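Engineer: To be precise about what I am sending: the file is called query-v4.txt and holds compact mmCIF, C-alpha atoms.
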```
# COMPACT_ATOMS: atom_id res chain seq x y z
CA MET A 1 0.41 -39.73 124.55
CA ARG A 2 0.00 -38.54 120.98
CA SER A 3 -3.68 -38.36 120.07
CA ARG A 4 -4.71 -40.22 116.97
CA PHE A 5 -6.83 -38.56 114.29
CA PHE A 6 -10.08 -40.31 113.53
CA PRO A 7 -11.80 -38.98 110.42
CA PRO A 8 -15.58 -38.51 110.69
CA VAL A 9 -17.78 -41.36 109.60
CA PHE A 10 -20.61 -40.61 107.17
CA LYS A 11 -23.50 -43.05 107.36
CA GLY A 12 -25.76 -41.26 104.89
CA ARG A 13 -26.55 -43.06 101.69
CA LEU A 14 -26.22 -41.88 98.09
CA HIS A 15 -22.83 -40.25 98.66
CA ASP A 16 -21.59 -42.68 96.03
CA ALA A 17 -19.90 -42.62 92.65
CA ARG A 18 -23.05 -43.50 90.71
CA THR A 19 -24.97 -40.52 92.11
CA ALA A 20 -21.97 -38.24 91.60
CA THR A 21 -21.56 -39.44 88.01
CA SER A 22 -25.25 -38.97 87.17
CA ILE A 23 -25.37 -35.41 88.50
CA GLY A 24 -21.90 -34.69 87.14
CA ARG A 25 -23.01 -35.44 83.59
CA TRP A 26 -25.75 -32.83 83.78
CA LEU A 27 -23.46 -30.32 85.48
CA GLY A 28 -20.70 -30.90 82.93
CA LEU A 29 -23.15 -30.30 80.09
CA ALA A 30 -24.41 -27.08 81.72
CA PHE A 31 -20.83 -25.84 82.18
CA ALA A 32 -19.92 -26.72 78.58
CA VAL A 33 -22.92 -24.86 77.16
CA CYS A 34 -22.31 -21.90 79.45
CA PHE A 35 -18.62 -21.77 78.51
CA CYS A 36 -19.15 -21.99 74.74
CA THR A 37 -21.93 -19.38 74.68
CA GLY A 38 -19.85 -17.19 77.00
CA LEU A 39 -17.00 -17.27 74.50
CA ILE A 40 -19.40 -16.15 71.78
CA SER A 41 -20.58 -13.27 73.94
CA HIS A 42 -17.04 -12.22 74.85
CA PHE A 43 -15.82 -12.22 71.24
CA MET A 44 -18.93 -10.36 70.09
CA GLN A 45 -18.24 -7.63 72.65
CA HIS A 46 -14.44 -7.64 72.54
CA PRO A 47 -13.37 -9.14 69.20
CA PRO A 48 -9.65 -9.63 68.59
CA GLY A 49 -8.21 -7.57 65.75
CA TRP A 50 -8.34 -10.37 63.19
CA LEU A 51 -12.05 -10.90 63.88
CA ALA A 52 -13.23 -7.32 64.39
CA ASN A 53 -14.26 -6.78 60.76
CA GLU A 54 -15.70 -10.25 60.20
CA LEU A 55 -18.35 -10.68 62.88
CA PRO A 56 -21.55 -11.89 61.18
CA SER A 57 -24.74 -9.85 61.27
CA ARG A 58 -26.95 -12.88 60.62
CA PRO A 59 -28.95 -14.61 61.89
CA VAL A 60 -30.56 -11.54 63.39
CA TRP A 61 -31.52 -13.51 66.51
CA GLY A 62 -28.07 -15.12 66.94
CA TYR A 63 -26.88 -13.17 69.98
CA ARG A 64 -30.31 -13.29 71.54
CA PHE A 65 -30.27 -17.09 71.38
CA THR A 66 -26.70 -17.67 72.53
CA GLN A 67 -26.78 -15.16 75.39
CA GLY A 68 -30.19 -16.35 76.58
CA LEU A 69 -28.80 -19.90 76.56
CA HIS A 70 -25.70 -18.71 78.40
CA VAL A 71 -27.65 -17.24 81.29
CA ALA A 72 -30.19 -20.08 81.36
CA SER A 73 -27.48 -22.76 81.52
CA GLY A 74 -25.65 -20.81 84.23
CA ILE A 75 -28.78 -20.57 86.36
CA ALA A 76 -29.54 -24.26 85.79
CA ALA A 77 -26.01 -25.11 86.96
CA ILE A 78 -26.67 -23.64 90.43
CA PRO A 79 -28.91 -26.43 91.81
CA LEU A 80 -26.79 -28.99 89.95
CA LEU A 81 -23.60 -27.76 91.61
CA LEU A 82 -25.23 -27.75 95.05
CA ALA A 83 -26.46 -31.32 94.53
CA LYS A 84 -23.04 -32.41 93.28
CA LEU A 85 -21.29 -30.88 96.29
CA TRP A 86 -23.74 -32.60 98.65
CA THR A 87 -22.99 -35.92 97.00
CA VAL A 88 -19.20 -35.71 97.25
CA TYR A 89 -18.55 -33.61 100.36
CA PRO A 90 -17.74 -36.63 102.62
CA ARG A 91 -14.63 -37.18 100.50
CA LEU A 92 -13.23 -33.91 101.82
CA PHE A 93 -12.63 -35.73 105.11
CA GLU A 94 -10.82 -38.76 103.69
CA TRP A 95 -7.63 -39.71 105.51
CA PRO A 96 -4.82 -39.51 104.62
CA PRO A 97 -5.58 -36.41 102.55
CA VAL A 98 -3.10 -37.38 99.81
CA ARG A 99 -2.37 -41.01 98.97
CA SER A 100 -0.65 -40.80 95.59
CA VAL A 101 0.29 -38.45 92.77
CA ARG A 102 -2.99 -39.24 91.01
CA HIS A 103 -4.92 -38.56 94.21
CA ALA A 104 -3.04 -35.26 94.69
CA LEU A 105 -3.96 -34.20 91.14
CA GLU A 106 -7.56 -35.09 91.87
CA ARG A 107 -7.57 -33.00 95.05
CA VAL A 108 -6.00 -30.01 93.31
CA SER A 109 -8.40 -30.23 90.37
CA VAL A 110 -11.37 -30.48 92.73
CA ALA A 111 -10.26 -27.48 94.80
CA VAL A 112 -9.77 -25.29 91.73
CA LEU A 113 -12.93 -26.61 90.09
CA VAL A 114 -15.17 -25.93 93.09
CA ALA A 115 -13.71 -22.49 93.77
CA ALA A 116 -13.94 -21.42 90.11
CA ALA A 117 -17.45 -22.82 89.72
CA LEU A 118 -18.74 -21.03 92.82
CA PHE A 119 -17.08 -17.79 91.70
CA GLU A 120 -18.46 -17.97 88.14
CA LEU A 121 -22.02 -18.80 89.17
CA ALA A 122 -22.12 -16.22 91.97
CA THR A 123 -20.68 -13.35 89.93
CA GLY A 124 -22.72 -14.30 86.87
CA LEU A 125 -25.92 -14.32 88.90
CA LEU A 126 -25.14 -10.92 90.41
CA ASN A 127 -24.40 -9.59 86.93
CA THR A 128 -27.96 -10.43 85.86
CA VAL A 129 -29.20 -7.91 88.44
CA GLN A 130 -26.34 -5.47 87.69
CA TRP A 131 -24.93 -5.57 91.23
CA TYR A 132 -21.14 -5.50 91.39
CA PRO A 133 -19.96 -5.55 95.04
CA TRP A 134 -16.29 -6.09 94.10
CA PRO A 135 -13.40 -3.84 93.06
CA PHE A 136 -12.41 -5.69 89.87
CA SER A 137 -13.80 -5.59 86.33
CA PHE A 138 -16.49 -8.23 85.97
CA VAL A 139 -15.99 -8.88 82.25
CA GLU A 140 -12.24 -9.54 82.29
CA VAL A 141 -12.18 -11.56 85.52
CA HIS A 142 -15.29 -13.59 84.70
CA TYR A 143 -13.77 -14.46 81.32
CA ALA A 144 -10.39 -15.45 82.80
CA VAL A 145 -11.90 -17.62 85.55
CA ALA A 146 -14.09 -19.35 82.95
CA TRP A 147 -10.92 -20.71 81.32
CA LEU A 148 -9.64 -21.77 84.74
CA LEU A 149 -12.93 -23.54 85.42
CA ILE A 150 -13.02 -25.41 82.13
CA GLY A 151 -9.37 -26.42 82.48
CA ALA A 152 -9.95 -27.77 85.99
CA LEU A 153 -13.04 -29.60 84.74
CA VAL A 154 -11.11 -31.29 81.92
CA LEU A 155 -8.34 -32.31 84.36
CA HIS A 156 -10.89 -33.63 86.85
CA ILE A 157 -12.65 -35.70 84.20
CA ALA A 158 -9.34 -37.11 83.01
CA VAL A 159 -8.31 -38.11 86.53
CA LYS A 160 -11.71 -39.59 87.38
CA ALA A 161 -12.29 -41.24 83.98
CA PRO A 162 -11.98 -44.85 85.24
CA GLU A 163 -14.46 -44.26 88.06
CA ILE A 164 -16.83 -42.37 85.76
CA ALA A 165 -16.76 -45.19 83.21
CA ALA A 166 -17.42 -47.76 85.94
CA HIS A 167 -20.58 -45.93 87.07
CA TRP A 168 -21.78 -44.40 83.78
CA SER A 169 -24.96 -46.45 83.40
CA ARG A 170 -27.24 -48.62 85.50
CA ARG A 171 -25.57 -51.75 84.07
CA SER A 172 -21.96 -50.57 84.51
CA PRO A 173 -19.83 -52.76 86.79
CA GLY A 174 -19.38 -50.12 89.48
CA THR A 175 -23.10 -49.38 89.59
CA LEU A 176 -23.97 -53.07 89.93
CA SER A 177 -21.62 -53.38 92.90
CA LEU A 178 -23.57 -50.78 94.89
CA PRO A 179 -26.43 -51.82 97.21
CA ALA A 180 -29.49 -52.50 95.06
CA GLU A 181 -31.81 -51.09 97.71
CA ASP A 182 -30.31 -47.60 97.12
CA ALA A 183 -31.47 -47.46 93.48
CA PRO A 184 -35.05 -46.23 94.15
CA ASP A 185 -33.83 -43.49 96.49
CA ARG A 186 -31.18 -42.49 93.98
CA ARG A 187 -33.80 -42.14 91.27
CA SER A 188 -35.91 -40.03 93.63
CA LEU A 189 -32.94 -37.77 94.38
CA LEU A 190 -32.13 -37.32 90.70
CA ALA A 191 -35.79 -36.58 89.95
CA ALA A 192 -35.80 -33.92 92.68
CA VAL A 193 -32.64 -32.33 91.27
CA ALA A 194 -34.16 -32.36 87.77
CA ALA A 195 -37.31 -30.72 89.16
CA ALA A 196 -35.22 -28.00 90.81
CA VAL A 197 -33.38 -27.33 87.55
CA GLY A 198 -36.69 -27.20 85.69
CA ALA A 199 -38.19 -24.83 88.26
CA VAL A 200 -35.38 -22.26 88.17
CA THR A 201 -35.26 -22.47 84.37
CA VAL A 202 -38.98 -22.03 83.77
CA THR A 203 -39.21 -19.13 86.23
CA THR A 204 -36.29 -17.20 84.67
CA VAL A 205 -35.94 -18.11 80.99
CA GLY A 206 -39.02 -16.05 80.04
CA GLN A 207 -36.90 -12.91 80.17
CA SER A 208 -35.41 -14.01 76.84
CA PHE A 209 -37.81 -16.74 75.66
CA THR A 210 -40.86 -14.49 75.63
CA PRO A 211 -43.54 -17.22 75.25
CA LEU A 212 -42.77 -17.95 78.93
CA LYS A 213 -42.60 -14.29 79.99
CA ASP A 214 -45.64 -14.61 82.28
CA LEU A 215 -43.73 -17.18 84.36
CA THR A 216 -40.69 -14.98 85.10
CA LEU A 217 -41.18 -15.13 88.87
CA LEU A 218 -37.45 -15.23 89.66
CA ALA A 219 -36.07 -13.28 86.70
CA PRO A 220 -34.70 -9.80 87.45
CA ARG A 221 -36.52 -8.34 84.42
CA HIS A 222 -39.78 -8.80 82.59
CA PRO A 223 -39.34 -8.22 78.83
CA ASP A 224 -42.46 -6.01 78.67
CA HIS A 225 -41.56 -3.68 81.53
CA GLY A 226 -39.93 -0.41 80.51
CA PRO A 227 -40.48 2.74 78.46
CA GLU A 228 -42.36 1.99 75.24
CA GLY A 229 -42.70 -1.65 76.30
CA LEU A 230 -38.96 -2.39 76.32
CA PRO A 231 -36.62 -2.70 79.34
CA VAL A 232 -33.79 -0.23 79.90
CA ASN A 233 -30.43 -0.94 81.51
CA ARG A 234 -28.96 2.57 81.58
CA THR A 235 -31.20 5.61 81.80
CA ALA A 236 -30.40 8.99 80.29
CA VAL A 237 -29.80 10.37 83.78
CA ALA A 238 -27.37 7.56 84.65
CA ALA A 239 -25.51 8.18 81.37
CA GLY A 240 -25.23 11.89 82.03
CA VAL A 241 -27.31 12.85 79.00
CA GLY A 242 -29.23 16.06 79.55
CA LEU A 243 -32.18 17.43 77.63
CA ILE A 244 -31.37 17.41 73.91
CA HIS A 245 -33.18 20.08 71.90
CA VAL A 246 -34.15 19.34 68.32
CA GLU A 247 -32.65 22.54 66.97
CA ARG A 248 -29.28 21.91 68.66
CA TYR A 249 -28.74 18.28 67.75
CA ARG A 250 -26.17 17.45 65.07
CA LEU A 251 -25.04 14.07 63.73
CA THR A 252 -21.46 14.25 62.45
CA ILE A 253 -20.34 11.63 59.93
CA SER A 254 -16.67 11.43 58.98
CA GLY A 255 -15.41 9.94 55.72
CA PRO A 256 -14.05 10.97 52.33
CA ARG A 257 -16.97 13.41 52.05
CA PRO A 258 -17.82 14.24 55.69
CA CYS A 259 -21.15 15.79 56.52
CA THR A 260 -23.25 17.01 59.41
CA LEU A 261 -27.01 16.40 59.63
CA THR A 262 -29.62 18.01 61.82
CA LEU A 263 -32.41 15.95 63.35
CA ASP A 264 -34.90 17.37 60.87
CA GLU A 265 -32.58 16.40 58.00
CA LEU A 266 -32.33 12.86 59.37
CA ARG A 267 -36.11 12.66 59.58
CA ALA A 268 -36.38 13.82 55.98
CA LEU A 269 -34.17 10.99 54.69
CA PRO A 270 -35.78 7.71 53.50
CA GLN A 271 -36.95 5.79 56.56
CA GLN A 272 -36.73 2.02 56.98
CA GLU A 273 -38.78 -0.05 59.44
CA VAL A 274 -37.28 -3.29 60.80
CA GLU A 275 -38.07 -5.77 63.55
CA LEU A 276 -34.97 -6.57 65.59
CA PRO A 277 -34.32 -7.79 69.13
CA ILE A 278 -32.45 -6.05 71.88
CA ALA A 279 -30.42 -8.76 73.62
CA CYS A 280 -28.43 -7.84 76.72
CA VAL A 281 -25.63 -9.67 78.48
CA GLU A 282 -27.76 -9.91 81.63
CA GLY A 283 -29.94 -12.44 79.80
CA TRP A 284 -33.07 -10.50 78.88
CA SER A 285 -34.14 -9.81 75.32
CA LYS A 286 -37.15 -8.72 73.31
CA SER A 287 -37.95 -7.93 69.69
CA ALA A 288 -39.26 -4.49 68.78
CA HIS A 289 -40.14 -2.43 65.72
CA TRP A 290 -37.58 0.23 64.87
CA THR A 291 -37.81 3.02 62.30
CA GLY A 292 -34.89 5.09 61.09
CA VAL A 293 -32.19 5.71 58.51
CA ARG A 294 -30.10 2.84 57.18
CA VAL A 295 -26.46 3.18 58.19
CA VAL A 296 -25.38 1.90 54.77
CA ASP A 297 -27.16 4.86 53.15
CA LEU A 298 -25.25 7.28 55.38
CA LEU A 299 -21.97 5.54 54.58
CA GLU A 300 -22.61 5.81 50.85
CA ARG A 301 -23.50 9.47 51.35
CA VAL A 302 -19.98 10.16 52.69
CA GLY A 303 -18.24 7.83 50.23
CA ALA A 304 -17.08 5.23 52.77
CA PRO A 305 -15.13 2.24 51.38
CA VAL A 306 -17.13 -0.99 51.17
CA HIS A 307 -15.04 -2.84 53.78
CA ALA A 308 -14.61 0.06 56.19
CA ARG A 309 -15.38 -0.33 59.87
CA VAL A 310 -17.49 2.28 61.65
CA ARG A 311 -17.02 3.78 65.09
CA VAL A 312 -20.22 4.93 66.80
CA VAL A 313 -19.84 7.63 69.46
CA SER A 314 -22.51 8.47 72.01
CA LEU A 315 -23.35 11.79 73.63
CA GLN A 316 -23.33 10.11 77.05
CA THR A 317 -20.81 11.45 79.56
CA ARG A 318 -20.85 8.65 82.16
CA GLY A 319 -20.65 4.87 82.12
CA GLY A 320 -19.05 2.31 79.85
CA TYR A 321 -19.61 1.56 76.19
CA ARG A 322 -19.77 5.22 75.18
CA VAL A 323 -18.01 4.16 71.96
CA SER A 324 -18.63 1.01 69.93
CA GLU A 325 -17.32 -0.27 66.63
CA MET A 326 -18.97 -2.20 63.82
CA GLY A 327 -17.30 -4.31 61.19
CA HIS A 328 -18.39 -3.98 57.60
CA GLU A 329 -20.80 -6.93 57.93
CA HIS A 330 -22.91 -5.00 60.45
CA ALA A 331 -22.32 -1.55 58.98
CA ARG A 332 -23.44 -2.62 55.50
CA ASP A 333 -26.34 -4.80 56.62
CA PRO A 334 -29.59 -3.23 55.33
CA LEU A 335 -31.22 -3.92 58.72
CA THR A 336 -28.73 -1.77 60.63
CA LEU A 337 -30.33 1.58 61.42
CA LEU A 338 -29.84 4.82 63.20
CA ALA A 339 -33.28 4.51 64.76
CA LEU A 340 -35.50 7.52 65.41
CA ARG A 341 -38.64 5.66 66.47
CA LEU A 342 -39.46 2.62 68.59
CA ASN A 343 -42.72 0.71 68.21
CA GLY A 344 -44.21 3.60 66.24
CA GLU A 345 -43.29 6.27 68.79
CA GLU A 346 -40.46 8.76 68.98
CA LEU A 347 -37.60 7.39 71.05
CA SER A 348 -37.86 8.18 74.75
CA PRO A 349 -34.78 9.71 76.42
CA ASP A 350 -33.99 6.40 78.15
CA HIS A 351 -34.07 4.57 74.82
CA GLY A 352 -31.57 6.95 73.23
CA TYR A 353 -33.47 10.03 72.00
CA PRO A 354 -32.96 11.47 69.51
CA VAL A 355 -30.94 8.78 67.67
CA ARG A 356 -29.72 5.32 68.58
CA LEU A 357 -28.08 2.41 66.82
CA ILE A 358 -29.94 -0.85 66.25
CA ALA A 359 -28.25 -3.70 64.38
CA PRO A 360 -28.92 -7.43 63.94
CA ASN A 361 -27.02 -10.08 65.94
CA ARG A 362 -25.33 -7.56 68.20
CA PRO A 363 -25.01 -7.34 72.02
CA GLY A 364 -27.27 -4.79 73.63
CA VAL A 365 -24.37 -2.90 75.19
CA LEU A 366 -23.13 -2.19 71.65
CA GLN A 367 -26.50 -0.89 70.42
CA THR A 368 -25.24 2.62 71.17
CA LYS A 369 -27.78 5.17 72.40
CA TRP A 370 -27.74 8.98 72.04
CA VAL A 371 -25.57 8.74 68.92
CA GLY A 372 -23.69 11.94 68.09
CA ARG A 373 -21.04 10.83 65.64
CA LEU A 374 -20.21 8.13 63.08
CA GLU A 375 -16.56 7.73 62.19
CA VAL A 376 -15.51 5.79 59.10
CA LEU A 377 -12.40 3.73 59.86
CA SER A 378 -9.98 2.27 57.31
```
Output the file's structure as structure tokens, nothing else.

Structural biologist:
Amino acid sequence: MRSRFFPPVFKGRLHDARTATSIGRWLGLAFAVCFCTGLISHFMQHPPGWLANELPSRPVWGYRFTQGLHVASGIAAIPLLLAKLWTVYPRLFEWPPVRSVRHALERVSVAVLVAAALFELATGLLNTVQWYPWPFSFVEVHYAVAWLLIGALVLHIAVKAPEIAAHWSRRSPGTLSLPAEDAPDRRSLLAAVAAAVGAVTVTTVGQSFTPLKDLTLLAPRHPDHGPEGLPVNRTAVAAGVGLIHVERYRLTISGPRPCTLTLDELRALPQQEVELPIACVEGWSKSAHWTGVRVVDLLERVGAPVHARVRVVSLQTRGGYRVSEMGHEHARDPLTLLALRLNGEELSPDHGYPVRLIAPNRPGVLQTKWVGRLEVLS
């Protein structure tokens, strides 16, 4: 005899559309914030040609805010996704697996959505601790899968729109049809999920929102820990930068009137002190006091055109981001410096001694350290 398939029976409560809709709203908001701020970060680091010379340098805290929000919303999405999956997992065992075209679209959207969400949150979390146990480039793949995730999310919402609308509020028809005795337990579950989101947020967000820095129990970095009171991602040793002697250092600046400056000559130029944050893609950030020579003064010294872009080249021999480019908005901003001092002290080797770039509203990976050359681009 042919055996008949009997799908498992789930007797647990709260695996219902109202619970899924309530958690889904929070999760959808977290994904939307994470996606939008991720786009900002990606275009700040890898601007398309039409945007490369137009990236704004103000507000000075812009990248710090958006990237901190990006990482915070991604971390908050982890307990929300787990709760959402717990709520809906019995539907994985529905029989028959496909009942209609609409149901097939729902299944496909759910499969892609879950896989992309797990991938994005897992790789994003590992990026915050700079651990990359995979053979592909994190930046390109994380960016591509983000589009896949948001597309699957939009499709899923479109397919499930009638059910979402029916369970959107406590007074919606679908919600009223559910057992009334489940409502208190549902509120308790949602409160527990909210508490979990609050806990992971409060114990990590202090790495960028420094008023909460003493609560960074789960954050990979404390904003005060590092040379001269500022964290470091790549040390001089990791970048392959050896001991740089004062008498041997030269800064080369190309342009209509190219010039070469020694470190003593740089120190003799008018010095500007600014307060600007370092904001890194891993989610940590902190403001610091920087002292150095304004880049705009160096550009005028070599006769650079007003709208010229600038390429900044590091002395490092290993690792990415050895070269960065600035559009004219950043290059001409009076707060953009080739810094020689940090918090009143000479730069340490790990912070870019003898010269590093510091500019407003700019990703930390583009705040080039160990600067050896400025190239004026047309």

Engineer: Which is closer to Asn127 of chain A than all the others in A:Trp290, A:Tyr89, A:Trp147, A:Trp284, using all atoms listed in the file?

Structural biologist: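 Looking at the shortest contact to Asn127 of chain A, the residue is A:Trp284.
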
Engineer: Taking all atoms listed in the file into account, name the residue in A:Ala116, A:Leu218, A:Ala32, A:Val295 that is nearest to Ala152 of chain A.

Structural biologist: A:Ala116

Engineer: Find the residues near Arg294 of chain A: any atom within 12 Å, counting all atoms listed in the file, skip ones fewer than 5 places away on the same chain, and give them as a PyMOL selection string.

Structural biologist: chain A and resi 266-267+269-274+299-301+330-340+356-359

Engineer: Calculated over all atoms listed in the file, which of the candidates A:Ile253, A:Val365, A:Leu276, A:Val310 has the smallest distance to Asn343 of chain A?

Structural biologist: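 Nearest candidate to Asn343 of chain A out of A:Ile253, A:Val365, A:Leu276, A:Val310: A:Leu276.
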
Engineer: Tell me which protein, DNA and RNA residues are within 12 Å of Pro179 of chain A, counting only C-alpha atoms, leaving out same-chain ones fewer than 4 positions away, and put them as a list in words.

Structural biologist: Arg13, Leu14, Asp16, Arg18, Gly174, Thr175, Ala183, Pro184, Asp185 and Arg186 of chain A

Engineer: Just the number, please: distance in Å from atom CA of Val33 of chain A to atom CA of Pro47 of chain A, one decimal.

Structural biologist: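 Calculated distance between atom CA of Val33 of chain A and atom CA of Pro47 of chain A is 20.0 Å.
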
Engineer: Tell me, in Å to one decimal, how far atom CA of Gly303 of chain A is from atom CA of Arg257 of chain A.

Structural biologist: 6.0 Å

Engineer: Considering all atoms listed in the file, state which residue in the set A:Glu375, A:Glu282, A:Asp350, A:Glu54 is at the smallest distance from Val205 of chain A.

Structural biologist: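 Closest to Val205 of chain A, using all atoms listed in the file: A:Glu282.
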
Engineer: Could you write out as JSON the box around segment 192-198 of chain A (axis-aligned, all atoms listed in the file, 6 Å on each side), with centre and edge lengths in Å to one decimal?

Structural biologist:
```
{"center_x": -35.0, "center_y": -30.6, "center_z": 89.2, "size_x": 16.7, "size_y": 18.7, "size_z": 19.0}
```

Engineer: My list of candidates is A:Ser314, A:Ser285, A:Thr201, A:Asn233. Which is closest to Leu251 of chain A when distances are computed with all atoms listed in the file?

Structural biologist: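 Distance minimum relative to Leu251 of chain A lands on A:Ser314.
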
Engineer: Using only C-alpha atoms, find the one residue out of A:Thr19, A:Ser137, A:Thr123, A:Thr317 that sits nearest to Trp86 of chain A.

Structural biologist: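 Going through A:Thr19, A:Ser137, A:Thr123, A:Thr317 one by one, the smallest distance to Trp86 of chain A is for A:Thr19.
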
Engineer: Select segment 280-347 of chain A in the preceding structure and write C-alpha atoms to a file as a short mmCIF file (atom, residue, chain, number, x, y, z; two decimals), in the first residue's frame.

Structural biologist:
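Here's the written file decode_27.cif:
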```cif
data_model
loop_
_atom_site.label_atom_id
_atom_site.label_comp_id
_atom_site.auth_asym_id
_atom_site.auth_seq_id
_atom_site.Cartn_x
_atom_site.Cartn_y
_atom_site.Cartn_z
CA CYS A 280 34.06 53.54 10.42
CA VAL A 281 31.93 51.11 8.47
CA GLU A 282 32.07 48.65 11.37
CA GLY A 283 29.81 51.01 13.32
CA TRP A 284 32.14 52.71 15.80
CA SER A 285 32.85 56.43 15.77
CA LYS A 286 34.28 59.16 17.96
CA SER A 287 35.06 62.85 17.66
CA ALA A 288 38.63 64.05 18.19
CA HIS A 289 40.69 67.22 17.93
CA TRP A 290 42.95 67.34 14.89
CA THR A 291 45.66 69.86 14.04
CA GLY A 292 47.27 70.24 10.65
CA VAL A 293 47.44 72.00 7.30
CA ARG A 294 44.27 72.75 5.36
CA VAL A 295 44.14 70.81 2.11
CA VAL A 296 42.62 73.83 0.35
CA ASP A 297 45.75 75.84 1.21
CA LEU A 298 47.95 73.17 -0.37
CA LEU A 299 45.75 73.08 -3.47
CA GLU A 300 45.99 76.84 -3.88
CA ARG A 301 49.76 76.57 -3.41
CA VAL A 302 50.00 74.34 -6.51
CA GLY A 303 47.37 76.26 -8.49
CA ALA A 304 44.72 73.53 -8.56
CA PRO A 305 41.45 74.37 -10.37
CA VAL A 306 38.52 75.13 -8.07
CA HIS A 307 36.48 72.07 -9.11
CA ALA A 308 39.37 69.61 -9.30
CA ARG A 309 39.20 66.27 -7.53
CA VAL A 310 42.12 65.10 -5.42
CA ARG A 311 43.66 61.65 -5.17
CA VAL A 312 45.28 60.84 -1.82
CA VAL A 313 47.99 58.15 -1.87
CA SER A 314 49.26 56.40 1.24
CA LEU A 315 52.71 55.04 2.01
CA GLN A 316 51.15 51.74 3.13
CA THR A 317 52.21 48.65 1.19
CA ARG A 318 49.53 46.17 2.31
CA GLY A 319 45.75 46.18 2.64
CA GLY A 320 42.93 47.96 0.87
CA TYR A 321 42.15 51.65 0.55
CA ARG A 322 45.76 52.63 -0.08
CA VAL A 323 44.38 55.28 -2.46
CA SER A 324 41.28 57.42 -1.96
CA GLU A 325 39.73 60.26 -3.91
CA MET A 326 37.96 63.43 -2.80
CA GLY A 327 35.56 65.53 -4.80
CA HIS A 328 35.93 69.28 -4.75
CA GLU A 329 33.34 69.62 -1.94
CA HIS A 330 35.62 67.74 0.46
CA ALA A 331 38.92 68.98 -0.98
CA ARG A 332 37.90 72.64 -0.68
CA ASP A 333 36.18 72.35 2.69
CA PRO A 334 38.13 74.44 5.23
CA LEU A 335 37.78 71.61 7.78
CA THR A 336 39.62 69.09 5.61
CA LEU A 337 43.18 68.74 6.87
CA LEU A 338 46.38 66.87 6.42
CA ALA A 339 46.60 66.28 10.16
CA LEU A 340 49.90 66.22 12.03
CA ARG A 341 48.52 66.05 15.57
CA LEU A 342 45.69 64.24 17.33
CA ASN A 343 44.23 65.48 20.61
CA GLY A 344 47.23 67.76 21.11
CA GLU A 345 49.83 65.04 20.53
CA GLU A 346 51.91 64.08 17.53
CA LEU A 347 50.23 61.34 15.54
#
```
